[in-house]
>>> print(open('structure-v2.cif').read())   # mmCIF, C-alpha atoms
data_final
loop_
_atom_site.group_PDB
_atom_site.id
_atom_site.type_symbol
_atom_site.label_atom_id
_atom_site.label_comp_id
_atom_site.auth_asym_id
_atom_site.auth_seq_id
_atom_site.Cartn_x
_atom_site.Cartn_y
_atom_site.Cartn_z
ATOM 1 C CA ASN A 18 103.638 76.755 174.893
ATOM 2 C CA LYS A 19 101.423 78.361 172.261
ATOM 3 C CA GLN A 20 103.406 81.593 172.145
ATOM 4 C CA ASP A 21 106.684 79.770 171.495
ATOM 5 C CA HIS A 22 105.024 77.663 168.791
ATOM 6 C CA VAL A 23 103.710 80.763 167.030
ATOM 7 C CA LYS A 24 107.153 82.388 167.248
ATOM 8 C CA GLU A 25 108.859 79.277 165.808
ATOM 9 C CA LEU A 26 106.311 79.082 163.000
ATOM 10 C CA SER A 27 106.888 82.736 162.153
ATOM 11 C CA THR A 28 110.677 82.231 162.124
ATOM 12 C CA ASN A 29 110.355 79.190 159.863
ATOM 13 C CA GLN A 30 108.132 81.077 157.431
ATOM 14 C CA SER A 31 110.609 83.954 157.340
ATOM 15 C CA ASN A 32 113.596 81.653 156.719
ATOM 16 C CA ALA A 33 111.694 79.745 154.035
ATOM 17 C CA ALA A 34 110.826 82.992 152.277
ATOM 18 C CA LYS A 35 114.498 84.063 152.341
ATOM 19 C CA ALA A 36 115.627 80.709 150.962
ATOM 20 C CA ILE A 37 113.069 80.801 148.160
ATOM 21 C CA LYS A 38 114.023 84.384 147.282
ATOM 22 C CA MET A 39 117.713 83.421 147.159
ATOM 23 C CA ILE A 40 117.076 80.426 144.886
ATOM 24 C CA ASP A 41 114.906 82.477 142.536
ATOM 25 C CA SER A 42 117.504 85.266 142.401
ATOM 26 C CA TYR A 43 119.749 83.114 140.201
ATOM 27 C CA GLU A 44 117.126 83.010 137.472
ATOM 28 C CA VAL A 45 118.206 79.543 136.341
ATOM 29 C CA ASP A 46 116.026 77.120 134.410
ATOM 30 C CA ILE A 47 116.829 74.080 136.558
ATOM 31 C CA VAL A 48 117.043 73.663 140.352
ATOM 32 C CA LEU A 49 117.917 70.290 141.888
ATOM 33 C CA TYR A 50 117.007 69.395 145.455
ATOM 34 C CA THR A 51 118.921 66.548 147.097
ATOM 35 C CA ASP A 52 118.200 64.690 150.318
ATOM 36 C CA GLY A 53 119.143 61.522 152.174
ATOM 37 C CA SER A 54 117.317 59.460 154.764
ATOM 38 C CA CYS A 55 118.019 56.565 157.112
ATOM 39 C CA LYS A 56 116.337 54.969 160.097
ATOM 40 C CA GLY A 57 117.801 55.978 163.426
ATOM 41 C CA GLY A 58 120.589 57.772 161.635
ATOM 42 C CA MET A 59 122.419 54.559 160.715
ATOM 43 C CA GLU A 60 120.184 51.924 159.070
ATOM 44 C CA ASP A 61 118.149 51.373 155.896
ATOM 45 C CA GLY A 62 119.288 54.326 153.827
ATOM 46 C CA GLY A 63 117.769 56.047 150.851
ATOM 47 C CA SER A 64 118.576 59.104 148.760
ATOM 48 C CA ALA A 65 116.719 61.227 146.252
ATOM 49 C CA VAL A 66 117.153 64.007 143.730
ATOM 50 C CA VAL A 67 114.243 66.134 142.581
ATOM 51 C CA VAL A 68 114.772 68.037 139.325
ATOM 52 C CA THR A 69 112.581 71.136 139.122
ATOM 53 C CA THR A 70 111.881 74.191 137.018
ATOM 54 C CA GLY A 71 109.928 77.361 137.715
ATOM 55 C CA SER A 72 109.797 79.389 140.911
ATOM 56 C CA ALA A 73 111.090 77.789 144.112
ATOM 57 C CA SER A 74 107.816 78.784 145.752
ATOM 58 C CA ASN A 75 105.866 76.473 143.447
ATOM 59 C CA PRO A 76 108.336 74.248 141.576
ATOM 60 C CA VAL A 77 107.366 72.002 138.689
ATOM 61 C CA VAL A 78 108.937 68.557 139.135
ATOM 62 C CA LEU A 79 110.531 67.330 135.916
ATOM 63 C CA GLU A 80 112.103 64.160 137.264
ATOM 64 C CA THR A 81 112.607 62.328 140.561
ATOM 65 C CA ILE A 82 115.609 60.050 141.066
ATOM 66 C CA GLN A 83 115.500 57.603 143.970
ATOM 67 C CA LYS A 84 118.214 55.238 145.145
ATOM 68 C CA LYS A 85 118.056 52.598 147.837
ATOM 69 C CA GLY A 86 120.930 52.966 150.300
ATOM 70 C CA ALA A 87 122.886 50.413 152.276
ATOM 71 C CA LYS A 88 121.532 48.410 155.204
ATOM 72 C CA TYR A 89 124.113 50.045 157.463
ATOM 73 C CA THR A 90 124.669 53.679 156.638
ATOM 74 C CA CYS A 91 124.500 57.183 158.088
ATOM 75 C CA SER A 92 122.784 60.444 157.217
ATOM 76 C CA TYR A 93 125.981 61.953 155.811
ATOM 77 C CA GLN A 94 126.524 58.988 153.479
ATOM 78 C CA GLU A 95 122.987 59.168 152.105
ATOM 79 C CA GLU A 96 123.244 62.939 151.597
ATOM 80 C CA LYS A 97 126.469 62.326 149.690
ATOM 81 C CA GLU A 98 124.820 59.642 147.551
ATOM 82 C CA ALA A 99 122.080 62.110 146.653
ATOM 83 C CA MET A 100 124.652 64.699 145.585
ATOM 84 C CA VAL A 101 126.476 62.111 143.452
ATOM 85 C CA GLU A 102 123.215 61.174 141.721
ATOM 86 C CA ALA A 103 122.483 64.855 141.084
ATOM 87 C CA LEU A 104 125.851 65.292 139.390
ATOM 88 C CA LYS A 105 125.261 62.187 137.273
ATOM 89 C CA TRP A 106 122.016 63.714 136.040
ATOM 90 C CA MET A 107 123.695 67.046 135.345
ATOM 91 C CA LYS A 108 126.531 65.409 133.422
ATOM 92 C CA VAL A 109 123.992 64.147 130.903
ATOM 93 C CA ASN A 110 121.408 66.927 130.977
ATOM 94 C CA GLN A 111 122.972 70.205 132.070
ATOM 95 C CA LYS A 112 124.628 71.086 128.753
ATOM 96 C CA TYR A 113 125.841 74.696 129.105
ATOM 97 C CA SER A 114 123.142 76.189 131.322
ATOM 98 C CA ASP A 115 123.587 77.433 134.882
ATOM 99 C CA THR A 116 122.163 75.220 137.625
ATOM 100 C CA VAL A 117 121.484 75.411 141.357
ATOM 101 C CA ILE A 118 121.721 72.390 143.669
ATOM 102 C CA CYS A 119 120.004 72.773 147.048
ATOM 103 C CA SER A 120 120.993 70.570 149.992
ATOM 104 C CA ASP A 121 120.060 70.729 153.672
ATOM 105 C CA SER A 122 123.242 68.902 154.750
ATOM 106 C CA GLN A 123 125.683 71.297 156.406
ATOM 107 C CA SER A 124 128.203 68.507 156.999
ATOM 108 C CA LEU A 125 128.328 67.533 153.322
ATOM 109 C CA LEU A 126 128.668 71.112 152.071
ATOM 110 C CA THR A 127 131.345 71.793 154.671
ATOM 111 C CA SER A 128 133.244 68.744 153.402
ATOM 112 C CA ILE A 129 133.031 70.039 149.824
ATOM 113 C CA ASP A 130 133.939 73.605 150.786
ATOM 114 C CA THR A 131 136.950 72.643 152.929
ATOM 115 C CA MET A 132 138.413 70.352 150.261
ATOM 116 C CA SER A 133 137.993 67.211 152.357
ATOM 117 C CA PRO A 134 139.424 64.088 150.690
ATOM 118 C CA ASP A 135 136.093 62.372 151.281
ATOM 119 C CA THR A 136 134.387 64.617 148.729
ATOM 120 C CA SER A 137 137.189 64.786 146.173
ATOM 121 C CA ASP A 138 135.064 62.718 143.778
ATOM 122 C CA ILE A 139 132.262 65.275 143.997
ATOM 123 C CA ARG A 140 134.608 68.191 143.341
ATOM 124 C CA ALA A 141 136.121 66.319 140.395
ATOM 125 C CA GLU A 142 132.670 65.822 138.851
ATOM 126 C CA LEU A 143 131.799 69.478 139.433
ATOM 127 C CA ASP A 144 134.904 70.517 137.511
ATOM 128 C CA LEU A 145 133.746 68.515 134.501
ATOM 129 C CA LEU A 146 130.395 70.245 134.235
ATOM 130 C CA HIS A 147 129.610 72.984 131.730
ATOM 131 C CA GLY A 148 128.060 76.296 132.671
ATOM 132 C CA ARG A 149 128.030 77.351 136.304
ATOM 133 C CA THR A 150 126.876 75.241 139.218
ATOM 134 C CA PHE A 151 125.827 76.826 142.499
ATOM 135 C CA ILE A 152 125.454 74.634 145.583
ATOM 136 C CA HIS A 153 123.441 76.090 148.443
ATOM 137 C CA TRP A 154 122.546 75.011 151.927
ATOM 138 C CA ILE A 155 118.880 75.444 152.751
ATOM 139 C CA PRO A 156 117.138 74.846 156.100
ATOM 140 C CA ALA A 157 115.290 71.546 156.408
ATOM 141 C CA HIS A 158 111.671 71.023 157.452
ATOM 142 C CA ILE A 159 110.484 74.616 157.177
ATOM 143 C CA ASN A 160 108.221 74.055 154.160
ATOM 144 C CA ILE A 161 110.531 74.921 151.309
ATOM 145 C CA PRO A 162 108.532 73.061 148.611
ATOM 146 C CA GLY A 163 111.436 71.482 146.708
ATOM 147 C CA ASN A 164 113.135 70.361 149.915
ATOM 148 C CA GLU A 165 109.930 68.817 151.250
ATOM 149 C CA ILE A 166 109.426 66.887 147.997
ATOM 150 C CA ALA A 167 113.038 65.616 148.119
ATOM 151 C CA ASP A 168 112.651 64.641 151.787
ATOM 152 C CA LYS A 169 109.536 62.578 150.987
ATOM 153 C CA ALA A 170 111.253 60.941 148.003
ATOM 154 C CA ALA A 171 114.319 60.008 150.089
ATOM 155 C CA LYS A 172 112.142 58.413 152.759
ATOM 156 C CA GLU A 173 110.349 56.416 150.057
ATOM 157 C CA ALA A 174 113.721 55.336 148.615
ATOM 158 C CA ALA A 175 114.732 53.993 152.034
ATOM 159 C CA LEU A 176 111.748 51.612 151.871
ATOM 160 C CA LEU A 177 112.761 50.086 148.540
ATOM 161 C CA PRO A 178 113.881 46.421 148.601
ATOM 162 C CA ASN A 179 117.463 45.746 149.665
ATOM 163 C CA SER A 180 119.938 44.455 147.115
ATOM 164 C CA ASP A 181 121.342 40.964 147.617
ATOM 165 C CA SER A 182 124.803 42.165 146.596
ATOM 166 C CA PRO A 183 127.295 42.696 149.423
ATOM 167 C CA VAL A 184 127.883 46.375 150.213
ATOM 168 C CA SER A 185 131.012 47.755 151.812
ATOM 169 C CA VAL A 186 130.733 49.938 154.902
ATOM 170 C CA THR A 187 132.494 53.299 154.718
ATOM 171 C CA TYR A 188 134.632 54.774 157.466
ATOM 172 C CA PHE A 189 131.974 57.379 158.281
ATOM 173 C CA VAL A 190 129.270 54.718 158.597
ATOM 174 C CA ALA A 191 131.443 52.511 160.815
ATOM 175 C CA LYS A 192 132.288 55.518 162.978
ATOM 176 C CA ALA A 193 128.608 56.459 163.347
ATOM 177 C CA ILE A 194 127.606 52.921 164.326
ATOM 178 C CA ILE A 195 130.434 52.588 166.852
ATOM 179 C CA LYS A 196 129.639 55.984 168.340
ATOM 180 C CA HIS A 197 125.983 55.040 168.699
ATOM 181 C CA GLN A 198 126.460 51.564 170.156
ATOM 182 C CA ILE A 199 129.603 51.931 172.277
ATOM 183 C CA LYS A 200 129.460 54.551 174.999
ATOM 184 C CA ASP A 201 131.709 55.123 177.991
ATOM 185 C CA GLU A 202 130.086 54.800 181.378
ATOM 186 C CA GLU A 203 129.838 57.932 183.441
ATOM 187 C CA PRO A 204 132.925 58.262 185.660
ATOM 188 C CA THR A 205 132.239 57.690 189.353
ATOM 189 C CA HIS A 206 135.452 58.982 190.908
ATOM 190 C CA PRO A 207 134.980 62.665 191.934
ATOM 191 C CA LEU A 208 138.288 63.858 190.418
ATOM 192 C CA VAL A 209 137.731 62.034 187.139
ATOM 193 C CA SER A 210 134.149 63.256 186.969
ATOM 194 C CA GLU A 211 135.221 66.855 187.501
ATOM 195 C CA THR A 212 137.876 66.552 184.775
ATOM 196 C CA TYR A 213 135.332 65.206 182.280
ATOM 197 C CA LYS A 214 132.995 68.095 183.027
ATOM 198 C CA ARG A 215 135.704 70.562 182.073
ATOM 199 C CA CYS A 216 136.396 68.837 178.769
ATOM 200 C CA VAL A 217 134.488 70.397 175.916
ATOM 201 C CA ARG A 218 134.250 68.557 172.635
ATOM 202 C CA LYS A 219 135.505 70.721 169.804
ATOM 203 C CA ASN A 220 132.520 71.924 167.844
ATOM 204 C CA ASP A 221 132.181 70.790 164.263
ATOM 205 C CA LYS A 222 133.025 73.525 161.841
ATOM 206 C CA VAL A 223 129.948 75.015 160.226
ATOM 207 C CA LEU A 224 129.735 77.432 157.369
ATOM 208 C CA GLU A 225 128.833 80.933 158.510
ATOM 209 C CA CYS A 226 125.988 82.933 157.054
ATOM 210 C CA ARG A 227 127.072 85.962 155.090
ATOM 211 C CA LYS A 228 124.269 87.362 152.986
ATOM 212 C CA ASP A 229 121.316 86.028 154.930
ATOM 213 C CA ALA A 230 120.225 83.159 157.115
ATOM 214 C CA THR A 231 119.643 80.808 154.206
ATOM 215 C CA LEU A 232 123.014 81.072 152.472
ATOM 216 C CA LEU A 233 125.504 78.955 154.385
ATOM 217 C CA ALA A 234 127.444 77.553 151.510
ATOM 218 C CA GLN A 235 128.040 78.471 147.920
ATOM 219 C CA TRP A 236 130.262 76.808 145.407
ATOM 220 C CA GLU A 237 130.619 78.288 141.966
ATOM 221 C CA LYS A 238 132.333 76.638 139.032
ATOM 222 C CA LYS A 239 133.206 79.031 136.264
ATOM 223 C CA PRO A 240 132.983 77.666 132.714
ATOM 224 C CA SER A 241 136.208 76.255 131.340
ATOM 225 C CA PRO A 242 137.607 78.243 128.414
ATOM 226 C CA ILE A 243 136.811 76.755 125.039
ATOM 227 C CA GLY A 244 139.624 76.452 122.590
#
>>> encode(input="structure-v2.cif", output="structure tokens")
Amino acid sequence: NKQDHVKELSTNQSNAAKAIKMIDSYEVDIVLYTDGSCKGGMEDGGSAVVVTTGSASNPVVLETIQKKGAKYTCSYQEEKEAMVEALKWMKVNQKYSDTVICSDSQSLLTSIDTMSPDTSDIRAELDLLHGRTFIHWIPAHINIPGNEIADKAAKEAALLPNSDSPVSVTYFVAKAIIKHQIKDEEPTHPLVSETYKRCVRKNDKVLECRKDATLLAQWEKKPSPIG
């Protein structure tokens, strides 16, 4: 109803304001926003990185990097591709300045934070960077300007022509496709049905908010000593 819509809008505006305030609090020259997109969560992927400067409330876009994803993919894979492209840009352009990378993918940041083997390449690239790099989770689709620009760019990247080169399918993509297309039928036997009802799937681990609702993940790389 209208009252619920107004309440949701107010909550989104509040969370967006907190996220923008947090990003600006670092007082860095460059903020990168990453995002991934795919149709139905598993087809026609695309990823994007938006390089910005200025306040997060009204960012100035310096560069937009778009990459067409695989025919068969998943949201996680495209979010990861966007992060990889961001690090490639930083490797060439960051020099010794501090930088913030903003992502709306909790699953990707959890993978980085928990030292998952799947993101070992990302952590390795982070360790090679100069200056400090802060990675933050930000809420999606609540009108954070940089995130909205990255979301639009990722969707556009998904529409780019497909490459004729064969592309391998990762474990995560295969798992997502299988999970989507192969489903167990509902049990009909009363005892089996009752047992299934009592089974609760273990919740995915999510990063908990500490400072405020916008800060779910932070990764800081301290500069390597020179000598």
>>> closest_atom_pairs(input="structure-v2.cif", of="range 90-145 of chain A", to="range 189-206 of chain A", cutoff="10 Å", atoms="only C-alpha atoms", output="JSON lines")
{"residue": "A:Thr90", "atom": "CA", "partner": "A:Val190", "partner_atom": "CA", "distance": 5.1}
{"residue": "A:Cys91", "atom": "CA", "partner": "A:Val190", "partner_atom": "CA", "distance": 5.4}
{"residue": "A:Ser92", "atom": "CA", "partner": "A:Val190", "partner_atom": "CA", "distance": 8.8}
{"residue": "A:Tyr93", "atom": "CA", "partner": "A:Phe189", "partner_atom": "CA", "distance": 7.9}
{"residue": "A:Gln94", "atom": "CA", "partner": "A:Val190", "partner_atom": "CA", "distance": 7.2}
{"residue": "A:Asp135", "atom": "CA", "partner": "A:Phe189", "partner_atom": "CA", "distance": 9.5}
>>> resolve_selection(input="structure-v2.cif", expression="the PyMOL selection byres ((chain A and resi 147) around 8)", output="list of chain:residue names")
A:Gln111, A:Lys112, A:Tyr113, A:Ser114, A:Leu145, A:Leu146, A:Gly148, A:Arg149, A:Pro240, A:Ser241
>>> residues_near_point(input="structure-v2.cif", point="(130.9, 66.6, 151.0)", cutoff="12 Å", atoms="all atoms listed in the file", output="PyMOL selection string")
chain A and resi 92-101+120-141+143+152+154+189+234+236
>>> atom_distance(input="structure-v2.cif", atom1="CA of Ile161 in chain A", atom2="CA of Lys88 in chain A")
29.0 Å
>>> resolve_selection(input="structure-v2.cif", expression="the PyMOL selection byres ((chain A and resi 64) around 9)", output="NGL selection string")
:A and (51-55 or 62-63 or 65-66 or 82-86 or 95-100 or 102 or 167-168 or 170-175)
>>> resolve_selection(input="structure-v2.cif", expression="the PyMOL selection byres ((chain A and resi 78) around 12)", output="list in words")
Ile47, Val48, Leu49, Tyr50, Val66, Val67, Val68, Thr69, Thr70, Gly71, Ser72, Ala73, Asn75, Pro76, Val77, Leu79, Glu80, Thr81, Ile82, Pro162, Gly163, Asn164, Ile166, Ala167 and Ala170 of chain A
>>> residues_around(input="structure-v2.cif", residues="Ile40 in chain A", least_positions_apart="3", cutoff="9 Å", atoms="only C-alpha atoms", output="list in words")
Lys35, Ala36, Ile37, Tyr43, Glu44, Val45, Val48, Ser72, Ala73, Val117, Cys119 and His153 of chain A
>>> atom_distance(input="structure-v2.cif", atom1="CA of Pro156 in chain A", atom2="CA of Ala87 in chain A")
25.4 Å
>>> atom_distance(input="structure-v2.cif", atom1="CA of Leu177 in chain A", atom2="CA of Asp61 in chain A")
9.2 Å
>>> axis_aligned_box(input="structure-v2.cif", around="range 47-59 of chain A", padding_each_side="3 Å", output="JSON")
{"center_x": 119.4, "center_y": 64.3, "center_z": 150.0, "size_x": 12.1, "size_y": 25.5, "size_z": 32.9}
